[in-house]
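Undergrad: Quick one: the structure is below, questions incoming.
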Amino acid sequence: MPLQMHRLRTMDQIDSKTEARQYVRFTRLNRMLHAIMIVCFLSLALTGMTLKFSYTGWAALLSRLFGGYESAGYIHRFAAAIMVGVFVTHLIDLFHRKRHEYGSWKKLLFGPDTMLPTGKDLADVRASFRWFLGKGPRPQYGRWTYWEKFDYFAVFWGMVVIGSTGFTLWFPEFFTLVFPGWMINVATIIHSDEALLATGFIFTVHFFNTHLRPEKFPMDMVIFTGRMPVEELLEDKPAEYEAEVAAGTLSKRLAEPYQPIVIRAIRIFAWIALGIGFSIIVWIIYAMVFAYQ
Amino acid sequence: MNPAGPYMLFGNRWRAWGPVLVIAVLGLFPGGMHAQETEECLTCHEDQDLRGTRKGKAINVFVDRKKFAASVHGSLSCVTCHADLEGKELPHAEDLAPAVCGTCHEEVAAQQAASLHGKAARRGDPFAPRCPDCHGSHGILPTKNPRSPVAPMQIPYLCGKCHKEGSPVQQQRTIHADHILENYSESIHGEGLLRKGLVVSATCASCHTAHAILPHTDPSSSIARRNIAATCTQCHAQIEMVHRKVIKGELWEREANVLPACVDCHQPHKARKVFYDQGMADKDCLRCHSRQNLVSSKDGRSLYVAQEQLGSSRHVRTACSQCHAGVNVAKVRPCETITMPVDCASCHAEVAQQYAGSTHGQLVARQDPNAPKCTECHGTHAVLGKHQPQSATFATNVPRLCARCHREGEKAAVRYTGTESKIVEHYGESIHGRGLTKSGLTVTAMCTSCHTAHGVLPRSNPGSSINPANVPATCGRCHHGIEEQFLKSVHVDTTGKVKDKLPVCDDCHSAHTIRRADEEGFKLTIMNQCGRCHEQIARTYFDTYHGKVSQLGYTKTAKCYDCHGAHDILPVTDTRSHLSRENVVVTCQKCHPGANRRFAGYLTHATHHDPDKYPFLFWTFWGMTGLLVGTFVVSGVHTLLWLPRAIQHRRQRNRVAAAPEGNTGDAQASAPSQTGTETTGGTITQAGAKPDAPPDAPAQDHGPDRL
């Protein structure tokens with residue numbers, strides 16, 4: 001904590017002294033979608049876990065807190081619908097940006113800002129492990145690192161797997177018009193275990209990669225504010241910085257930082273989300289290790 | 001029976017007088033034709049040691065002259081009865097025919113021949129009694145003579161020779177009554193005859209007749225149902241006048257078939273007196289007992305009897321001396337002859353018999369100090385009927401009554417070793433208890449409804465109303481429809497082959513904590529109740545959505561009985577089962593209106609731990625688990641390797657940030673792309689040193705320029 005406070009103070013000094021304009025990394029829409037997704041995802045995780053870990057006292061308590069299993073079910077399905085909405089909005093946004101920013105799918109998908117895995121990513125993975133083992137320098141990560149790309153596509157995969165099985169469980173009478181009854185059982189297992197994977201991954205690996213790793217500890221605000229100090233960009237994503245400089249677009253991407261009060265509000269929200277996520281991890285570990293039936 | 005027996009009656013006693021009698025008889029009876037014939041016979045037969053044969057067996061053929069002379073047949077000649085000797089030369093041949101009684105006693109002989117005894121004799125039954133077996137032979141005395149074996153006083157003994165408990169007749173022949181003699185001797189008839197010497201009191205022959213003895217199933221029998229009234233009214237001539245309530249006068253004899261026969265109330269051999277000692281009125285008792293300070297000289301307990309209590313009691317028409325039997329009106333204190341405590345059984349015989357077999361009764365018999373006697377529950381003089389709300393035995397008061405001993409800590413609860421606890425409290429919270437106390441439903445089950453009032457026995461006793469074998473019937477007394485369903489269900493073994501212990505009502509509903517089946521609490525516990533026997537199937541149920549929601553404490557999803565039925569559970573192979581192929585879709589549709597045949601294929605007890613039974617689930621589960629474990633192993637390794645390097649990375653940066661002054665020299669450090677492990681620090685230095693850079697605005701205005 002002292003470490004963190006020290007750093008905060010340092011950063012504040014920098015901000016207050018310089019009023020530095022910051023590098024904008026995420027669009028407003030992306031930030032909003034991420035925030036909505038946080039709310040949905042936590043709601044889905046909490047309500048879903050009450051059923052998955054129904055044998056724990058915590059589950060019964062939470063279920064009651066949500067107003068009973070039926071009410072929890074409504075929340076779960078409502079959040080799921082919003083989540084699908086988020087997903088669709090993102091896809092629409094992609095089309096939009098393809099038309100207005102990139103001009104073609106080729107530029108969007110195979111340009112320097114692509115989310116698709118590239119040869120550089122493979123090289124970065126290799127270089128990262130070399131760095132981890134002290135056999136090389138920290139790789140020059142670009143705009144989207146390989147772990148960020150992994151997280152991004154994990155959502156795609158999760159949306160398809162959890163979403164499709166979720167709809168099967170939502171409308172079993174409709175799905176059994178075509179599929180045999182035991183497919184419902186199979187869908188339950190997939191839905192449940194994939195959800196466990198998603199929550200487990202988000203609340204440990206993703207949290208570490210973005211917030212908890214010492215460079216960013218305790219929290220990387222960039223996904224909420226969209227902004228990061230240019231020097232931080234330089235430090236964390238040197239290749240992106242280089243690219244911006246090379247393209248001469250860095251100054252276009254700079255913007256005024258948010259008011260401290262806005263930052264504080266966002267920080268509170270983020271901390272709550274982080275706290276819930278960690279609580280769920282604790283609960284999962286408790287349920288899987290100590291109370292498993 | 002030894003056929004020679006009757007001939008030996010009194011024989012030995014008179015043997016010593018033999019010679020004297022011979023002389024006396026010779027002197028006293030000089031002539032007369034038949035007398036002479038008799039004399040002729042006696043010439044030989046008064047020899048006490050005279051032997052003859054009957055059917056090849058040697059028998060004593062001595063005839064006592066004096067006894068014969070004194071007998072009712074004393075004036076008859078021998079050949080009157082021994083007709084086959086008529087005109088025979090003396091000495092006559094051996095093996096005479098039996099003496100014939102029917103020549104003179106025609107009517108009686110006909111009756112006897114048609115009777116049970118006569119028929120048995122014709123069948124050649126060796127136990128069958130013949131005339132001499134009851135009446136004797138040469139020394140037959142008038143019935144009025146108390147020495148006669150058929151005198152009223154002797155009849156019970158006479159009949160008892162064959163009909164007493166343990167005799168060959170009683171053991172080897174079908175006789176439906178038992179302990180006949182014992183019961184008779186204790187009955188009012190027996191008491192009158194044997195203890196009080198009343199020869200007019202009914203003896204065996206009074207009811208069964210002397211010679212026309214027939215089973216009660218024979219319509220012409222004196223004890224046939226139609227004839228009982230006539231038989232009893234031989235003595236109790238105007239009994240219908242005092243049985244007005246029961247029989248309304250003459251109706252009894254006219255339509256005996258529609259009315260209770262005497263023996264329905266007064267058991268044939270146990271007939272007890274039901275009336276108190278004549279002449280003893282309550283006011284005689286109350287002369288002393290209305291005094292409030294009257295106490296027992298023995299133990300000082302109060303002997304005061306509150307008249308108003310008696311007046312409003314169930315026994316208002318019962319006289320003191322009817323219960324406090326044994327008074328003697330001749331005494332100044334008639335009660336001083338009372339030796340026995342009040343015996344309720346003298347009127348309430350059936351209840352008393354039931355009670356004697358119960359746990360309570362057994363305790364009394366063992367003289368246990370905790371034993372509850374009749375008065376413990378019913379009180380004494382103020383006894384009320386169970387339908388009177390003030391009575392302690394009124395339905396709503398019974399739990400409190402039983403609780404006096406059976407509440408936790410009380411004397412009965414202390415002795416109790418079973419599994420139930422806080423019986424009274426639990427009952428009070430149960431549906432039955434609340435029905436009784438809160439809703440005031442007197443038809444609600446309370447203690448005695450299940451345990452019976454007088455036949456209380458522990459569960460382990462096969463005769464107990466709460467023995468598992470009897471529980472369905474006990475509950476079925478009120479819940480008859482349920483019992484009918486239950487008895488047809490898979491939980492009742494009709495084949496006798498099932499080895500497992502099968503559940504009865506209380507295994508699921510409990511004994512004293514019975515709850516409404518539509519209450520949340522019951523619905524949630526019932527799954528555990530089923531799970532006690534159906535372990536595997538209950539566990540897998542909790543792996544499915546239905547089970548998980550139930551486990552969270554909600555009752556809306558399907559529970560065991562929603563699909564399987566509650567009391568009418570049948571194997572799925574039975575077409576009547578809720579889960580048979582014919583019915584399962586309809587069963588699902590109870591909650592899932594759109595359910596179809598495929599929907600019903602949902603595995604409600606699925607487990608992903610059984611690769612043989614559910615391979616799809618098993619492999620799906622392990623596939624997903626593999627994916628999960630794989631992802632976490634890869635990303636976990638990645639993170640763990642990253643962590644120390646990242647910490648190091650951060651430390652270096654902070655070190656530089658903490659000492660920005662010393663780093664100004666590096667301000668123009670080269671592009672980040674050139675950084676190595678060491679130069680990373682340089683980059684940070686530059687970031688940290690940024691405040692020292694020229695004014696921000698111009699720097700940023702350069703846009704594309706590096707920092």
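Numbering starts fresh at 1 for the residues of each chain in the structure tokens, the chains themselves are lettered A, B, ... in the order given, and ligands are numbered from 1 as they appear.
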Compile the residues of chain A that lie within 6 Å of chain B, evaluated using only C-alpha atoms, and express the compilation as a ChimeraX atom specification.
TA: /A:51,54,60,132,137,173,176,180-182,186,197,214-215,231,245,248,250-251
Undergrad: Using only C-alpha atoms, pick whichever of B:Gln238, B:Asn183, B:Ser313, B:Gln485 has the shortest atom-to-atom distance to Lys270 in chain B.
TA: B:Asn183
Undergrad: Residues at most 9 Å from range 566-571 of chain B, counting only C-alpha atoms, excluding those fewer than 2 positions away in the same chain, as a list in words?
TA: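 The residues satisfying every condition are Ile482, Glu483, Glu484, Gln485, Phe486, Leu487, Lys488, Ser489, Val490, His491, Cys560, Tyr561, Asp562, Cys563, His564, Thr573, Asp574, Thr575, Arg576, Ser577, His578, Leu579 and Ser580 of chain B.
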Undergrad: Take the residues just selected and output them with N, CA and C atoms as a PDB file, in the first residue's frame.
TA:
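Result saved to selection_12.pdb:
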```pdb
ATOM      1  N   ILE B 482     -55.571 -41.822   1.583  1.00  0.00           N
ATOM      2  CA  ILE B 482     -54.118 -41.919   1.432  1.00  0.00           C
ATOM      3  C   ILE B 482     -53.678 -43.355   1.672  1.00  0.00           C
ATOM      4  N   GLU B 483     -54.254 -43.957   2.679  1.00  0.00           N
ATOM      5  CA  GLU B 483     -53.880 -45.338   2.994  1.00  0.00           C
ATOM      6  C   GLU B 483     -54.161 -46.238   1.792  1.00  0.00           C
ATOM      7  N   GLU B 484     -55.293 -46.026   1.155  1.00  0.00           N
ATOM      8  CA  GLU B 484     -55.634 -46.848  -0.011  1.00  0.00           C
ATOM      9  C   GLU B 484     -54.579 -46.710  -1.100  1.00  0.00           C
ATOM     10  N   GLN B 485     -54.180 -45.443  -1.364  1.00  0.00           N
ATOM     11  CA  GLN B 485     -53.135 -45.210  -2.372  1.00  0.00           C
ATOM     12  C   GLN B 485     -51.838 -45.879  -1.945  1.00  0.00           C
ATOM     13  N   PHE B 486     -51.504 -45.664  -0.693  1.00  0.00           N
ATOM     14  CA  PHE B 486     -50.215 -46.139  -0.183  1.00  0.00           C
ATOM     15  C   PHE B 486     -50.108 -47.658  -0.268  1.00  0.00           C
ATOM     16  N   LEU B 487     -51.187 -48.320   0.093  1.00  0.00           N
ATOM     17  CA  LEU B 487     -51.129 -49.780   0.124  1.00  0.00           C
ATOM     18  C   LEU B 487     -50.898 -50.373  -1.257  1.00  0.00           C
ATOM     19  N   LYS B 488     -51.213 -49.594  -2.298  1.00  0.00           N
ATOM     20  CA  LYS B 488     -50.981 -50.101  -3.655  1.00  0.00           C
ATOM     21  C   LYS B 488     -49.600 -49.700  -4.172  1.00  0.00           C
ATOM     22  N   SER B 489     -48.880 -48.885  -3.411  1.00  0.00           N
ATOM     23  CA  SER B 489     -47.637 -48.311  -3.929  1.00  0.00           C
ATOM     24  C   SER B 489     -46.473 -49.277  -3.789  1.00  0.00           C
ATOM     25  N   VAL B 490     -45.353 -48.867  -4.381  1.00  0.00           N
ATOM     26  CA  VAL B 490     -44.153 -49.699  -4.373  1.00  0.00           C
ATOM     27  C   VAL B 490     -43.593 -49.837  -2.954  1.00  0.00           C
ATOM     28  N   HIS B 491     -44.015 -48.964  -2.065  1.00  0.00           N
ATOM     29  CA  HIS B 491     -43.500 -49.012  -0.698  1.00  0.00           C
ATOM     30  C   HIS B 491     -44.208 -50.045   0.168  1.00  0.00           C
ATOM     31  N   CYS B 560     -38.915 -34.728  -5.377  1.00  0.00           N
ATOM     32  CA  CYS B 560     -39.178 -36.159  -5.590  1.00  0.00           C
ATOM     33  C   CYS B 560     -40.642 -36.424  -5.943  1.00  0.00           C
ATOM     34  N   TYR B 561     -41.521 -35.943  -5.049  1.00  0.00           N
ATOM     35  CA  TYR B 561     -42.922 -36.342  -5.185  1.00  0.00           C
ATOM     36  C   TYR B 561     -43.622 -35.667  -6.346  1.00  0.00           C
ATOM     37  N   ASP B 562     -43.054 -34.538  -6.847  1.00  0.00           N
ATOM     38  CA  ASP B 562     -43.695 -33.884  -7.977  1.00  0.00           C
ATOM     39  C   ASP B 562     -43.709 -34.798  -9.200  1.00  0.00           C
ATOM     40  N   CYS B 563     -42.649 -35.580  -9.337  1.00  0.00           N
ATOM     41  CA  CYS B 563     -42.576 -36.480 -10.485  1.00  0.00           C
ATOM     42  C   CYS B 563     -43.018 -37.893 -10.117  1.00  0.00           C
ATOM     43  N   HIS B 564     -42.562 -38.371  -8.966  1.00  0.00           N
ATOM     44  CA  HIS B 564     -42.809 -39.776  -8.626  1.00  0.00           C
ATOM     45  C   HIS B 564     -44.159 -39.989  -7.967  1.00  0.00           C
ATOM     46  N   THR B 573     -41.779 -48.995 -14.510  1.00  0.00           N
ATOM     47  CA  THR B 573     -42.222 -50.032 -15.439  1.00  0.00           C
ATOM     48  C   THR B 573     -43.730 -50.267 -15.345  1.00  0.00           C
ATOM     49  N   ASP B 574     -44.322 -49.787 -14.270  1.00  0.00           N
ATOM     50  CA  ASP B 574     -45.766 -49.936 -14.094  1.00  0.00           C
ATOM     51  C   ASP B 574     -46.475 -48.861 -14.911  1.00  0.00           C
ATOM     52  N   THR B 575     -47.417 -49.261 -15.733  1.00  0.00           N
ATOM     53  CA  THR B 575     -48.067 -48.285 -16.615  1.00  0.00           C
ATOM     54  C   THR B 575     -48.829 -47.228 -15.827  1.00  0.00           C
ATOM     55  N   ARG B 576     -49.174 -47.533 -14.586  1.00  0.00           N
ATOM     56  CA  ARG B 576     -49.919 -46.547 -13.796  1.00  0.00           C
ATOM     57  C   ARG B 576     -48.994 -45.511 -13.155  1.00  0.00           C
ATOM     58  N   SER B 577     -47.687 -45.764 -13.226  1.00  0.00           N
ATOM     59  CA  SER B 577     -46.724 -44.837 -12.616  1.00  0.00           C
ATOM     60  C   SER B 577     -46.781 -43.477 -13.301  1.00  0.00           C
ATOM     61  N   HIS B 578     -46.507 -42.428 -12.524  1.00  0.00           N
ATOM     62  CA  HIS B 578     -46.459 -41.084 -13.106  1.00  0.00           C
ATOM     63  C   HIS B 578     -45.333 -40.954 -14.116  1.00  0.00           C
ATOM     64  N   LEU B 579     -44.353 -41.863 -14.012  1.00  0.00           N
ATOM     65  CA  LEU B 579     -43.177 -41.749 -14.870  1.00  0.00           C
ATOM     66  C   LEU B 579     -43.135 -42.855 -15.914  1.00  0.00           C
ATOM     67  N   SER B 580     -44.229 -43.588 -16.052  1.00  0.00           N
ATOM     68  CA  SER B 580     -44.245 -44.604 -17.106  1.00  0.00           C
ATOM     69  C   SER B 580     -44.238 -43.899 -18.456  1.00  0.00           C
TER      70      SER B 580
END
```
Undergrad: Leaving out Trp58 in chain A and any residue of its chain fewer than 5 positions from it, which residues lie within 10 Å of it when counting only C-alpha atoms, given as a PyMOL selection string?
TA: (chain A and resi 49-50+53+63-64+283+286-287) or (chain B and resi 552)
Undergrad: For the residues selected in the previous step, produce a file with N, CA and C atoms as an mmCIF file, in the first residue's frame.
TA:
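Ended up saving to again_39.cif:
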```
data_model
loop_
_atom_site.group_PDB
_atom_site.id
_atom_site.type_symbol
_atom_site.label_atom_id
_atom_site.label_comp_id
_atom_site.auth_asym_id
_atom_site.auth_seq_id
_atom_site.Cartn_x
_atom_site.Cartn_y
_atom_site.Cartn_z
ATOM 1 N N MET A 49 -23.517 -18.532 -10.205
ATOM 2 C CA MET A 49 -22.768 -19.317 -9.220
ATOM 3 C C MET A 49 -23.675 -19.791 -8.088
ATOM 4 N N THR A 50 -24.720 -19.034 -7.803
ATOM 5 C CA THR A 50 -25.610 -19.491 -6.718
ATOM 6 C C THR A 50 -26.160 -20.864 -7.052
ATOM 7 N N PHE A 53 -22.988 -23.504 -7.177
ATOM 8 C CA PHE A 53 -22.489 -23.873 -5.845
ATOM 9 C C PHE A 53 -23.622 -23.858 -4.824
ATOM 10 N N SER A 63 -28.515 -15.996 -3.069
ATOM 11 C CA SER A 63 -29.760 -16.196 -3.788
ATOM 12 C C SER A 63 -30.877 -15.410 -3.119
ATOM 13 N N ARG A 64 -30.854 -15.427 -1.794
ATOM 14 C CA ARG A 64 -31.845 -14.688 -1.030
ATOM 15 C C ARG A 64 -31.666 -13.179 -1.263
ATOM 16 N N TRP A 283 -14.825 -17.452 -3.192
ATOM 17 C CA TRP A 283 -15.987 -18.322 -3.055
ATOM 18 C C TRP A 283 -15.819 -19.592 -3.899
ATOM 19 N N TYR A 286 -13.362 -21.821 -2.241
ATOM 20 C CA TYR A 286 -14.001 -22.436 -1.066
ATOM 21 C C TYR A 286 -14.931 -23.557 -1.508
ATOM 22 N N ALA A 287 -15.754 -23.255 -2.500
ATOM 23 C CA ALA A 287 -16.761 -24.227 -2.929
ATOM 24 C C ALA A 287 -16.125 -25.443 -3.589
ATOM 25 N N LEU B 552 -31.120 -24.623 -2.592
ATOM 26 C CA LEU B 552 -31.011 -23.218 -2.193
ATOM 27 C C LEU B 552 -32.141 -22.816 -1.258
#
```
Undergrad: Give me, as a ChimeraX atom specification, all polymer residues having an atom no more than 12 Å from Leu122 in chain A, counting only C-alpha atoms and skipping those fewer than 6 positions away in the same chain.
TA: /A:116,128-129,139,141,145-147,149
Undergrad: Since we have the selection now, will you write its residues out, keeping C-alpha atoms, as a tab-separated table (two decimals), in the first residue's frame?
TA:
```tsv
chain	number	residue	atom	x	y	z
A	116	LEU	CA	-5.93	-10.98	-35.03
A	128	SER	CA	8.39	-12.39	-23.28
A	129	PHE	CA	9.40	-15.78	-22.01
A	139	PRO	CA	9.74	-6.99	-25.64
A	141	TYR	CA	4.88	-4.55	-27.10
A	145	THR	CA	-0.26	-7.30	-26.83
A	146	TYR	CA	-0.78	-11.05	-27.30
A	147	TRP	CA	-2.48	-11.38	-23.88
A	149	LYS	CA	-5.70	-10.32	-27.96
```
Undergrad: Quick one: pull the distance between CA of Ser358 in chain B and CA of His454 in chain B, Å, one decimal.
TA: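 Distance between the two atoms: 6.7 Å.
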Undergrad: Between B:Ala511, B:Leu401, B:Val305, B:Ala70, which one has atoms that come closest to Arg459 in chain B, using only C-alpha atoms?
TA: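 With only C-alpha atoms as the atom set, the closest residue is B:Ala511.
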Undergrad: Contacts of Phe522 in chain B at 12 Å or less, counting only C-alpha atoms, minus same-chain residues fewer than 3 places along, as an MDAnalysis selection string?
TA: chainID B and resid 430:431 508:510 513:519 525:529 550 553:555 559 561
Undergrad: Please return, as a PyMOL selection string, all residues of range 116-154 of chain A that DSSP assigns to helix (DSSP H, G or I) on the basis of the backbone.
TA: chain A and resi 119-132+146-154
Undergrad: Using only C-alpha atoms, find the one residue out of A:Met221, A:Ile266, A:Ala123, A:Met228 that sits nearest to Gly142 in chain A.
TA: A:Ala123
Undergrad: Got a sec: who's within 12 Å of Pro91 in chain B, counting only C-alpha atoms, leaving out chain neighbours fewer than 5 positions off, as a tab-separated table (two decimals) with C-alpha atoms, in the first residue's frame?
TA:
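Contents of out_33.tsv, freshly written:
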```
chain	number	residue	atom	x	y	z
B	40	GLU	CA	-82.10	-113.68	43.75
B	41	CYS	CA	-79.79	-111.32	42.04
B	42	LEU	CA	-78.36	-110.00	45.23
B	43	THR	CA	-77.59	-113.46	46.42
B	44	CYS	CA	-74.61	-113.31	44.23
B	45	HIS	CA	-74.20	-109.59	43.61
B	52	GLY	CA	-67.93	-110.37	35.97
B	85	LEU	CA	-82.00	-111.00	31.85
```
Undergrad: Expressed in Å to a single decimal, how great is the separation between CA of His76 in chain A and CA of Leu44 in chain A?
TA: 5.1 Å
